[in-house]
Amino acid sequence: MQSVGASLRCASRNACISVPAHNVASSSRVFQFQAVQRRNVSLRMPNFKGPVAWLRESLAPNVREQNTKEEIEAARKQAAEKGQLSVFDSVPTVAEGETGVEVPAWKKKTYTEHKYSTSNFKISHRKLNMIGRQIAGKPIDSAILQMMFSEKRASKRIKSMLVVAKSHAVKLKSLDEQKLIVAESWVTKGPHQFKRYDIKGRGRAGIKRHPHSRLHVVLKEGKTRAELREEERARKLKRIVSAGLVREDVPLRNPGPAWAW
């Protein structure tokens, strides 16, 4: 409200400025303000702006000028020299004598799995273990889908953890997104099990334990559902044996020397 009142006063004052000047000398503030404006114009000093221009400049969004790539690289080099690089600025590590030479594939570190876990939060390890058994052995997308429609209270936290683990495995360790599965999942108790008094009747008391737990998962590249279906189909077709083609010269039943009860 103060800024609106100030803007209205400024607008009314500028509206009064637009009144034609009188030749009669007066001690009114309006005529004194006009004299100051004329002096500023004659001395080439900055003058007051109209209300529309003032509102346009004060309310318009300011666009920040973007730095060029050269300026950004110069700032990064300067920060690297001072040892003030950000955590998110990745500096490639190249062995001595290999500057400017591409590192061969056999020297690059390859990852086959990615381990991730939630933080400790208030839940029983028995309840959390039910969710861990639900997502174990499933593709990562299927596990995320299970958590999206689960009615468990901890399902939202587990879904967020799986999404972050999938992103890290794909972007940081170059694992195949289409082949990621939840190979392992297990639950551990938290380091702090809070204990409180449990007041009972007849002057007795017990101990309340507020459990904390966390869920760990290991993501690996496994076979996709299409490959598993193809292997299952091949396995079932392999069990089908044609008697006419394979057992052509062999009798269908070889009776033994004794009775076949």
# chains A, B, ... in the order shown; residues from 1 in each chain; ligands from 1
>>> residues_around(residues="Ile135 in chain A", least_positions_apart="5", cutoff="10 Å", atoms="only C-alpha atoms", output="PyMOL selection string")
chain A and resi 130+140+142-147+158+181-185+217
>>> residues_around(residues="Met161 in chain A", least_positions_apart="3", cutoff="9 Å", atoms="only C-alpha atoms", output="ChimeraX atom specification")
/A:116-118,156-158,164-166
>>> closest_atom_pairs(of="range 192-221 of chain A", to="range 109-114 of chain A", cutoff="8 Å", atoms="only C-alpha atoms", output="CSV")
residue,atom,partner,partner_atom,distance
A:Val218,CA,A:His114,CA,5.6
A:Leu219,CA,A:His114,CA,5.1
A:Lys220,CA,A:Glu113,CA,4.5
A:Glu221,CA,A:Thr112,CA,7.0
>>> write_last_selection(atoms="N, CA and C atoms", output="mmCIF file, in the first residue's frame")
data_model
loop_
_atom_site.group_PDB
_atom_site.id
_atom_site.type_symbol
_atom_site.label_atom_id
_atom_site.label_comp_id
_atom_site.auth_asym_id
_atom_site.auth_seq_id
_atom_site.Cartn_x
_atom_site.Cartn_y
_atom_site.Cartn_z
ATOM 1 N N VAL A 218 19.943 -52.667 -5.416
ATOM 2 C CA VAL A 218 21.050 -52.796 -6.360
ATOM 3 C C VAL A 218 20.448 -52.966 -7.748
ATOM 4 N N LEU A 219 20.795 -52.047 -8.640
ATOM 5 C CA LEU A 219 20.306 -52.092 -10.021
ATOM 6 C C LEU A 219 21.376 -52.707 -10.914
ATOM 7 N N LYS A 220 20.957 -53.667 -11.716
ATOM 8 C CA LYS A 220 21.863 -54.325 -12.656
ATOM 9 C C LYS A 220 21.191 -54.427 -14.020
ATOM 10 N N GLU A 221 22.010 -54.693 -15.017
ATOM 11 C CA GLU A 221 21.480 -54.908 -16.357
ATOM 12 C C GLU A 221 21.065 -56.374 -16.476
#
>>> closest_residue(among="A:Arg235, A:Lys179, A:Lys127, A:Arg56", to="Leu215 in chain A", atoms="only C-alpha atoms")
A:Lys127
>>> select_by_dssp(residues="range 57-194 of chain A", states="strand (DSSP E or B)", output="VMD selection string")
chain A and resid 113 to 117 121 to 122 139 180 to 189 194
